[in-house]
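Below is one structure, written out as structure tokens, with a few remarks after it.
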Amino acid sequence: MGRSRRTLPEELLLLALDPATGTTAQPQSLDLGLAGAQLVELALAGRIAPDGDRIAVVVPRPTGDPTLDCALELLRRRGAPVRAVHWIGGPRLGLRQTYLSHLERCGMVHAVAGQMCGVLPTTRYQATDNEISREIRARLDSAIRTGVPPDPRTAALAALAHAVGLGKHLYPGNEGRSSRSRLRDLIRHDPMGGLVAHAVMDVQNGAGAQPRRGPAPAGRQTAPGVRSAPEPANGVPMQPHHGSMARAVAH
């Protein structure tokens with residue numbers, strides 16, 4: 001995968017960044033969205049594919065993107081297709097910070113040091129070129145305004161933006177209600193994006209906390225309304241509790 005094109009996790013993060021304050025909207029659900037965006041990006045690269053409600057590795061060859069390749073390798077190590085809801089709900093170590101640091105190295109954001117309550121060090125990230133964020137936003141606006149089915153990448157971005165709750169950040173207030181509704185409707189234009197977006201919302205609704213019902217056969221889709229418990233982490237790195245990451249984004 002060439003690095004001339006921004007990945008979906010990068011675009012989702014840029015959408016979430018507030019250009020005025022340097023904080024990220026919906027930070028907790030955004031972390032889930034970034035994990036989901038990695039899955040969609042790997043699917044667009046032909047490395048993974050949906051298998052019912054599970055994700056299967058079809059081509060284990062690296063993409064050339066270190067962060068994506070780490071996720072791909074973890075998926076490969078599972079040895080069998082993994083449920084999207086369990087993968088997205090699995091804790092990750094500093095995924096948002098990893099992408100923020102990458103955007104900073106690429107010159108798309110710059111770090112602004114500060115303090116919380118005058119004591120705790122914080123770092124906010126502000127876009128260095130708002131034109132990039134405007135271009136990403138324009139793709140969503142066009143899909144919402146015209147009603148023309150968007151390309152899979154834009155459809156997946158819309159699905160993820162809706163899933164993590166960015167609709168009220170991008171299209172606030174009563175005047176943005178119809179745009180938020182159309183943003184939600186774009187979820188149907190990309191099957192992988194839809195699968196991942198629904199998994200993100202399921203995790204937020206507590207699907208990953210249900211008691212184990214026994215493993216389902218590989219490739220078999222769970223019956224409607226039935227949720228399974230999360231599978232063991234199997235090498236997925238743990239994420240610290242909120243507040244434990246030094247120099248984390250303030251919001």
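In the structure tokens, each chain is lettered A, B, ... as it comes, each chain's residues begin at 1, and ligands are numbered from 1 in order of appearance.
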Excluding same-chain residues fewer than 3 positions from A:Glu104, what lies within 12 Å of it counting only C-alpha atoms, as a PDB file with C-alpha atoms, in the first residue's frame?
```pdb
ATOM      1  CA  GLU A  10      -6.183   8.966   9.642  1.00  0.00           C
ATOM      2  CA  LEU A  14      -8.824  14.342  11.171  1.00  0.00           C
ATOM      3  CA  GLN A  97      -2.003   8.477  20.153  1.00  0.00           C
ATOM      4  CA  THR A  98      -0.197   6.359  17.580  1.00  0.00           C
ATOM      5  CA  TYR A  99      -2.180   7.949  14.778  1.00  0.00           C
ATOM      6  CA  LEU A 100      -1.868  11.448  16.210  1.00  0.00           C
ATOM      7  CA  SER A 101       1.906  11.038  16.384  1.00  0.00           C
ATOM      8  CA  GLY A 107       3.133  17.509   9.094  1.00  0.00           C
ATOM      9  CA  MET A 108      -0.671  17.349   9.096  1.00  0.00           C
ATOM     10  CA  VAL A 109      -1.023  18.330  12.763  1.00  0.00           C
ATOM     11  CA  HIS A 110       1.224  19.975  15.323  1.00  0.00           C
ATOM     12  CA  ALA A 111       1.325  19.297  19.042  1.00  0.00           C
ATOM     13  CA  VAL A 112       0.463  22.033  21.551  1.00  0.00           C
ATOM     14  CA  THR A 123      -1.031  17.631  24.542  1.00  0.00           C
ATOM     15  CA  ARG A 124      -3.532  18.907  22.021  1.00  0.00           C
ATOM     16  CA  TYR A 125      -3.171  18.509  18.290  1.00  0.00           C
ATOM     17  CA  GLN A 126      -4.167  21.169  15.802  1.00  0.00           C
ATOM     18  CA  ALA A 127      -4.305  20.767  12.048  1.00  0.00           C
ATOM     19  CA  THR A 128      -1.506  22.514  10.187  1.00  0.00           C
ATOM     20  CA  ASP A 129      -3.459  22.500   6.925  1.00  0.00           C
TER      21      ASP A 129
END
```
| said: According to DSSP computed on the backbone, where in stretch 13-175 of chain A is there strand (DSSP E or B)? Give the residues as a ChimeraX atom specification. | reply: /A:17,24,48-51,54-57,82-83,109-116,120-127
| said: Taking only C-alpha atoms into account, name the residue in A:Ile132, A:Val57, A:Leu74, A:Leu186 that is nearest to A:Pro19. | reply: A:Ile132
| Residue with smallest distance to A:Pro150 - pool A:Leu183, A:Ala163, A:Ala49, A:Ala197, counting only C-alpha atoms |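 Smallest distance to A:Pro150 is found for A:Leu183.
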| request: Find the residues around stretch 67-73 of chain A up to 9 Å (only C-alpha atoms counted), leave out those fewer than 5 positions away in its own chain, and share them as a count of residues only. | output: 16
| message | Given only C-alpha atoms as the basis, pick out the residue of A:Leu17, A:Ile88, A:Leu34, A:Arg76 nearest to A:Ala199. | response | A:Ile88
| task | Measuring atom to atom with only C-alpha atoms, identify which of A:Leu75, A:Val58, A:Leu140, A:Leu195 is nearest to A:Leu166. | result | A:Leu140
| query | Which value, in Å to one decimal, gives the distance between atom CA of A:Val40 and atom CA of A:Arg180? | reply | 21.6 Å
| field | Computed interatomic separation between atom CA of A:Arg145 and atom CA of A:Asp190 (Å) | value | 18.0 Å
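Residue nearest A:Gly167, chosen from A:Thr63, A:Gln26, A:Ser142, A:Asn130 and counting only C-alpha atoms: A:Gln26.
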| Top pick for closest residue to A:His198, considering A:Leu103, A:Leu32, A:Leu44, A:Cys117 and counting only C-alpha atoms | A:Leu32
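One distance worth recording is that between atom CA of A:Ala37 and atom CA of A:Pro50, which is 13.9 Å.
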